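Below you'll find the structure, written out as structure tokens, and then a few comments.
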Amino acid sequence: DVKVTQSSRYLVKRTGEKVFLECVQDMDHENMFWYRQDPGLGLRLIYFSYDVKMKEKGDIPEGYSVSREKKERFSLILESASTNQTSMYLCASSLRTTGNTIYFGEGSWLTVV
Amino acid sequence: QKEVEQDPGPLSVPEGAIVSLNCTYSNSAFQYFMWYRQYSRKGPELLMYTYSSGNKEDGRFTAQVDKSSKYISLFIRDSQPSDSATYLCAMVRDYKLSFGAGTTVTVRA
């Protein structure tokens with residue numbers, strides 16, 4: 001069974017804190033993604049990685065960075081959290097070949113106060 | 001203009017009714033079309049996946065794609081209360097998905 005695991009489901013952080021969201025997949029997928037989901041806006045791509053140490057900006061990368069040191073792990077970093085980054089964050093993964101199924105984790109709910 | 005437009009609803013139907021969900025898109029470069037179901041506070045799970053115009057059936061679910069009109073639909077027959085969820089259309093271009101905003105569906109027992 002496919003598995004994308006987001007280790008932190010619910011977090012509350014203070015403005016200005018550095019926040020790490022971790023994601024691990026066990027399917028040997030090349031591609032990994034970070035999305036945020038907000039009511040009325042749907043899912044928006046923050047960053048995308050197609051290989052270890054490789055990354056591409058998505059539609060809304062400002063205020064975020066990512067790290068992919070191992071194939072199975074993709075981390076999202078908020079260098080200095082702000083209240084407008086309160087959201088649900090979704091990690092996903094897929095095989096490199098175009099058109100393969102994209103699998104999602106359960107999501108991480110981040111509240112910045 | 002968003003690349004993918006989806007009516008957010010909400011949509012409320014009685015048990016047994018047909019649920020009809022739609023999305024339009026503006027970018028003809030999209031290659032694959034998907035529907036995801038998302039229960040409250042859960043990640044999206046893939047329901048249907050297609051890449052060509054026409055219909056694709058899977059049990060009570062039918063996905064329809066019309067590339068000439070840039071329009072996709074999902075039909076749920078004999079709807080059940082367990083179908084109550086948010087349904088997201090998604091389109092793939094170069095490994096990346098673009099999503100609709102999602103339609104919240106409630107099936108009343």
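Here, A, B, ... name the chains of the structure tokens in the order displayed, residue numbers run from 1 inside each chain, and ligands are numbered from 1 in the same displayed order.
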
Distance cut-off 12 Å, counting only C-alpha atoms - which residues of chain A neighbour chain B? Return them as JSON, numbers by chain.
{"A": [2, 3, 4, 5, 6, 9, 10, 30, 31, 32, 33, 34, 35, 36, 37, 38, 39, 40, 41, 42, 43, 44, 45, 46, 47, 48, 49, 50, 56, 57, 58, 59, 87, 88, 89, 90, 91, 92, 93, 94, 95, 96, 97, 98, 99, 100, 101, 102, 103, 104, 105, 106, 107, 108, 109]}

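Excluding Arg73 in chain A itself and same-chain residues fewer than 2 positions from it, the residues having an atom within 9 Å of it are Glu22, Cys23, Val24, Gln25, Met32, Val52, Ser67, Arg68, Glu69, Lys70, Lys71 and Ser75 of chain A, counting only C-alpha atoms.
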
For the residues in the current selection, export C-alpha atoms as a compact mmCIF listing (two decimals), in the first residue's frame.
```
# COMPACT_ATOMS: atom_id res chain seq x y z
CA GLU A 22 8.61 16.76 7.22
CA CYS A 23 7.34 14.34 4.61
CA VAL A 24 8.46 10.77 3.92
CA GLN A 25 7.31 8.45 1.12
CA MET A 32 7.78 15.12 -4.45
CA VAL A 52 17.58 14.48 -4.65
CA SER A 67 15.23 20.51 1.36
CA ARG A 68 15.62 17.11 -0.27
CA GLU A 69 18.74 15.36 0.94
CA LYS A 70 17.35 11.84 0.53
CA LYS A 71 15.02 10.47 -2.12
CA SER A 75 11.04 19.02 3.97
```

What separation in Å, quoted to one decimal, exists between CA of Val107 in chain B and CA of Leu74 in chain B?
15.4 Å

Apply DSSP to the structure's backbone, then extract all residues of range 3-109 of chain B labelled strand (DSSP E or B) and return them as a PyMOL selection string.
chain B and resi 4-6+11-14+19-25+32-38+45-50+54-58+61-66+71-76+85-93+96-99+103-108

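Between Ser20 in chain B and the residues B:Glu3, B:Gly59, B:Leu47, B:Phe75, the shortest atom-to-atom distance, using only C-alpha atoms, involves B:Phe75.
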
Of B:Lys67, B:Thr86, B:Lys56, B:Gly9, the one nearest to Ala29 in chain B when counting only C-alpha atoms is B:Lys67

Residues near Ile77 in chain A, cut-off 9 Å, only C-alpha atoms, skip fewer than 5 positions along chain, as a PyMOL selection string:
chain A and resi 18-22+63-67
